[in-house]
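A short worksheet on the structure shown next.
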Amino acid sequence: MKLAFVFPGQGSQAIGMLDSIAARPEVAALVAEADAALGESLSGLIAGGPAEALALTVNTQPAMLLAGLACYRAWRAAGGPDAEAVAGHSLGEYTALTAAGSFEPGAALRLVRLRAQAMQEAVPVGSGGMAAILGLDDEQVIAACRQATASFAGQAPTVPGVPDIVEPANFNAPSQVVIAGSKAAVERACEVAKSLGAKRAMPLPVSAPFHSSLLRPAGERLAIALRDTVPVAPRMPLVNNVDVAVQTDPAAIVDALVRQSYSPVRWVEVVRRLESMGITRLVEFGPGKVLSGLVKRIAPGLQVTAVTDAASLEAALQELA
C-alpha cells in the first residue's frame with residue numbers, strides 16, 4: 001500500500017463539524033492555536049454558528065483548513081501512518097501544505113483569511129458567478145466558454161469594470177467542469193453548453209468567480225502576503241493544482257499558490273498524477289466526502305477512505321491496520 005492524503009476546499013462546512021473530535025488533546029491544542037492566530041473564536045463559530053456566518057468565504061476558508069488539519073492531527077495522534085504524497089482541492093492545497101509542514105497552522109489560517117478577503121473583494125458582489133456543467137467533455141466546455149465570451153466582444157461590460165468573460169475554473173471529474181466569470185457571461189455559457197448537449201448547467205451559490213482571471217487582483221494581494229509568510233519545503237511531495245507539478249522550492253510553491261487563485265483547479269490531472277506516482281490508496285481529511293466521490297470517478301482503481309469525524313477515524317484506522 002502506498003498512501004496519499006487529500007484535503008477538500010470550501011463547500012462541505014457544517015455547524016458542529018469538529019464536535020466529535022474537539023476534546024482530543026491534539027485537536028484542542030490546534031483549535032486554541034487557531035483562535036489565537038485569528039484573534040477571534042473561530043472554534044465558537046464552527047461549534048455554534050450561525051450557519052450564515054460560517055458560509056461567508058472569509059470564515060469558510062479558515063474553518064475548512066482547521067477542520068481538515070484537525071482530522072489529520074487526530075489520525076496521526078491515533079497511530080495512523082503518514083502519507084507518501086499529499087494534495088488539496090483549491091483551498092485544500094493550503095491545508096495539504098500545512099499538514100506537510102510547509103506552513104505553521106497559525107500562519108496558514110491568517111493567510112487563507114486574507115486569501116478569502118482578496119478573492120471576495122476582487123469583483124463586486126453579485127457581478128460574478130460560477131456554474132457546474134455536467135455531461136460535456138473538457139473541450140466542449142472550453143468551446144462553450146469561448147463562444148459565450150466572444151458574444152460580448154465590442155460591447156460595454158454588463159457591470160462597469162468587470163469584463164464579460166467566462167472560463168473553466170475546476171476540472172473536477174470526467175464530464176464535470178465548473179465555469180466562472182461575470183454573471184452575464186456565465187449565464188450565456190450555460191445556454192451554449194445546453195445547446196451542445198450538456199445534461200445540466202447549474203448556477204452555483206457562490207459569492208465570487210473563483211479560479212477565473214477576474215481574480216488576478218486577489219493573486220497580486222496574495223503575492224504580497226506570501227513575502228511575509230514564506231513556506232518551507234514540504235516533507236512529502238505535494239501535487240499542486242495549477243501545474244499538476246511537485247515543487248519543493250519555496251519560491252516555486254509561492255508562485256503556484258499565487259497563480260492558483262486565478263487559474264483552473266486541474267483536479268482530474270492531480271488524481272491521475274498521484275496514481276502515476278504509485279499511490280494505491282487515498283485518505284480524505286475534513287468534513288464531507290466530496291473528493292472521495294470525485295476520485296472514484298477519476299481513478300476507479302484507487303481505494304478511497306474519508307476521515308470526517310471520530311467514527312470514520314476509528315473505521316479508517318481499522319481498515320488500514
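Following the order of the C-alpha cells, chains are lettered A, B, ..., residues in each are numbered from 1, and ligands are numbered from 1.
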
### Message
Please identify the helix (DSSP H, G or I) residues within stretch 164-236 of chain A (assignment by DSSP from backbone atoms) and present them as a list in words.
### Response
Lys183, Ala184, Ala185, Val186, Glu187, Arg188, Ala189, Cys190, Glu191, Val192, Ala193, Lys194, Ser195, Ser213, Leu214, Leu215, Arg216, Pro217, Ala218, Gly219, Glu220, Arg221, Leu222, Ala223, Ile224, Ala225 and Leu226 of chain A

Restrict the calculation to only C-alpha atoms, then for each residue of stretch 42-144 of chain A with any atom at most 10 Å from an atom of stretch 272-295 of chain A give the closest atom pair and their distance in Å to one decimal, rows by chain and rising residue number, as a tab-separated table.
residue	atom	partner	partner_atom	distance
A:Met64	CA	A:Gly286	CA	7.2
A:Leu65	CA	A:Gly286	CA	8.3
A:Leu66	CA	A:Gly286	CA	8.7
A:Ala67	CA	A:Gly286	CA	5.5
A:Gly68	CA	A:Gly286	CA	3.9
A:Leu69	CA	A:Phe285	CA	7.4
A:Ala70	CA	A:Gly286	CA	7.8
A:Cys71	CA	A:Phe285	CA	5.7
A:Tyr72	CA	A:Phe285	CA	6.0
A:Arg73	CA	A:Phe285	CA	9.7
A:Trp75	CA	A:Phe285	CA	9.0
A:Ala83	CA	A:Val283	CA	8.9
A:Glu84	CA	A:Ile279	CA	8.1
A:Ala85	CA	A:Leu274	CA	7.6
A:Val86	CA	A:Leu274	CA	8.5
A:Ala87	CA	A:Leu274	CA	8.6
A:Gly88	CA	A:Leu291	CA	9.2
A:His89	CA	A:Leu291	CA	8.1
A:Gly92	CA	A:Gly286	CA	9.5
A:Thr95	CA	A:Phe285	CA	9.6
A:Ala96	CA	A:Phe285	CA	9.6

Near A:Arg146, within 10 Å and counting only C-alpha atoms, which residues show up once chain neighbours fewer than 2 positions away are dropped, as a tab-separated table (two decimals) with all heavy atoms, in the first residue's frame?
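Output saved as around16.tsv:
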chain	number	residue	atom	x	y	z
A	140	GLN	N	-15.45	20.57	-25.01
A	140	GLN	CA	-16.75	21.17	-25.27
A	140	GLN	C	-17.04	22.31	-24.30
A	140	GLN	O	-17.60	23.34	-24.70
A	140	GLN	CB	-17.85	20.11	-25.19
A	140	GLN	CG	-17.86	19.11	-26.33
A	140	GLN	CD	-18.89	18.03	-26.13
A	140	GLN	OE1	-18.88	17.33	-25.12
A	140	GLN	NE2	-19.80	17.90	-27.08
A	141	VAL	N	-16.66	22.15	-23.05
A	141	VAL	CA	-16.87	23.22	-22.07
A	141	VAL	C	-15.99	24.42	-22.41
A	141	VAL	O	-16.43	25.58	-22.35
A	141	VAL	CB	-16.58	22.73	-20.65
A	141	VAL	CG1	-16.70	23.88	-19.66
A	141	VAL	CG2	-17.54	21.61	-20.27
A	142	ILE	N	-14.75	24.16	-22.78
A	142	ILE	CA	-13.86	25.25	-23.19
A	142	ILE	C	-14.45	25.99	-24.39
A	142	ILE	O	-14.45	27.23	-24.43
A	142	ILE	CB	-12.46	24.69	-23.52
A	142	ILE	CG1	-11.77	24.18	-22.24
A	142	ILE	CG2	-11.59	25.75	-24.19
A	142	ILE	CD1	-10.52	23.36	-22.50
A	143	ALA	N	-14.99	25.24	-25.34
A	143	ALA	CA	-15.60	25.86	-26.52
A	143	ALA	C	-16.82	26.69	-26.14
A	143	ALA	O	-17.03	27.80	-26.68
A	143	ALA	CB	-15.99	24.78	-27.54
A	144	ALA	N	-17.62	26.20	-25.21
A	144	ALA	CA	-18.80	26.95	-24.77
A	144	ALA	C	-18.40	28.26	-24.11
A	144	ALA	O	-19.03	29.31	-24.34
A	144	ALA	CB	-19.62	26.10	-23.80
A	148	ALA	N	-19.30	31.96	-25.54
A	148	ALA	CA	-20.03	32.90	-24.70
A	148	ALA	C	-19.25	34.20	-24.55
A	148	ALA	O	-19.82	35.30	-24.65
A	148	ALA	CB	-20.31	32.28	-23.33
A	149	THR	N	-17.96	34.10	-24.31
A	149	THR	CA	-17.13	35.30	-24.16
A	149	THR	C	-17.13	36.12	-25.45
A	149	THR	O	-17.25	37.35	-25.42
A	149	THR	CB	-15.69	34.91	-23.77
A	149	THR	OG1	-15.71	34.24	-22.51
A	149	THR	CG2	-14.80	36.14	-23.66
A	150	ALA	N	-17.01	35.43	-26.59
A	150	ALA	CA	-16.97	36.13	-27.88
A	150	ALA	C	-18.27	36.88	-28.16
A	150	ALA	O	-18.26	37.91	-28.85
A	150	ALA	CB	-16.70	35.13	-28.99
A	151	SER	N	-19.36	36.41	-27.62
A	151	SER	CA	-20.65	37.06	-27.88
A	151	SER	C	-20.74	38.45	-27.25
A	151	SER	O	-21.62	39.24	-27.62
A	151	SER	CB	-21.80	36.18	-27.37
A	151	SER	OG	-21.83	36.16	-25.96
A	165	ILE	N	-16.39	37.91	-19.35
A	165	ILE	CA	-15.66	36.72	-19.77
A	165	ILE	C	-16.09	35.55	-18.91
A	165	ILE	O	-16.58	35.73	-17.79
A	165	ILE	CB	-14.13	36.91	-19.67
A	165	ILE	CG1	-13.72	37.20	-18.23
A	165	ILE	CG2	-13.65	38.02	-20.60
A	165	ILE	CD1	-12.23	37.24	-18.00
A	166	VAL	N	-15.91	34.33	-19.43
A	166	VAL	CA	-16.18	33.12	-18.66
A	166	VAL	C	-15.15	32.08	-19.05
A	166	VAL	O	-14.76	31.98	-20.22
A	166	VAL	CB	-17.63	32.63	-18.91
A	166	VAL	CG1	-17.90	32.38	-20.39
A	166	VAL	CG2	-17.93	31.39	-18.08
A	167	GLU	N	-14.71	31.30	-18.08
A	167	GLU	CA	-13.61	30.35	-18.27
A	167	GLU	C	-13.84	29.10	-17.43
A	167	GLU	O	-14.52	29.17	-16.40
A	167	GLU	CB	-12.29	30.99	-17.83
A	167	GLU	CG	-11.93	32.27	-18.54
A	167	GLU	CD	-10.97	33.16	-17.73
A	167	GLU	OE1	-10.88	32.97	-16.49
A	167	GLU	OE2	-10.34	34.02	-18.33
A	168	PRO	N	-13.24	27.97	-17.81
A	168	PRO	CA	-13.26	26.81	-16.92
A	168	PRO	C	-12.52	27.15	-15.62
A	168	PRO	O	-11.47	27.79	-15.65
A	168	PRO	CB	-12.52	25.73	-17.71
A	168	PRO	CG	-12.59	26.18	-19.13
A	168	PRO	CD	-12.57	27.68	-19.08
A	185	ALA	N	-21.85	36.46	-18.49
A	185	ALA	CA	-21.13	35.53	-19.35
A	185	ALA	C	-21.34	34.08	-18.92
A	185	ALA	O	-21.43	33.17	-19.76
A	185	ALA	CB	-19.64	35.87	-19.36
A	189	ALA	N	-22.84	31.15	-21.18
A	189	ALA	CA	-22.13	29.88	-21.37
A	189	ALA	C	-23.01	28.69	-21.02
A	189	ALA	O	-22.92	27.63	-21.66
A	189	ALA	CB	-20.86	29.86	-20.53
A	192	VAL	N	-25.14	28.05	-24.01
A	192	VAL	CA	-24.36	27.41	-25.08
A	192	VAL	C	-24.10	25.94	-24.74
A	192	VAL	O	-24.22	25.05	-25.59
A	192	VAL	CB	-23.03	28.15	-25.31
A	192	VAL	CG1	-22.18	27.42	-26.34
A	192	VAL	CG2	-23.28	29.59	-25.75

Residues near A:Ser212, anyone? I mean within 7 Å using only C-alpha atoms, not counting same-chain ones fewer than 2 positions away, as a tab-separated table (two decimals) with C-alpha atoms, in the first residue's frame.
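Written out: out_1.tsv:
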chain	number	residue	atom	x	y	z
A	167	GLU	CA	-13.61	30.35	-18.27
A	169	ALA	CA	-12.48	27.04	-13.20
A	180	ALA	CA	-16.56	31.04	-13.65
A	181	GLY	CA	-16.70	34.63	-14.85
A	209	PRO	CA	-15.96	33.83	-9.68
A	210	PHE	CA	-13.25	31.73	-8.03
A	214	LEU	CA	-11.16	38.08	-12.91
A	215	LEU	CA	-9.47	37.22	-9.62
A	262	TYR	CA	-6.98	32.93	-10.74
A	263	SER	CA	-6.31	29.69	-12.65
A	264	PRO	CA	-8.30	26.45	-13.06
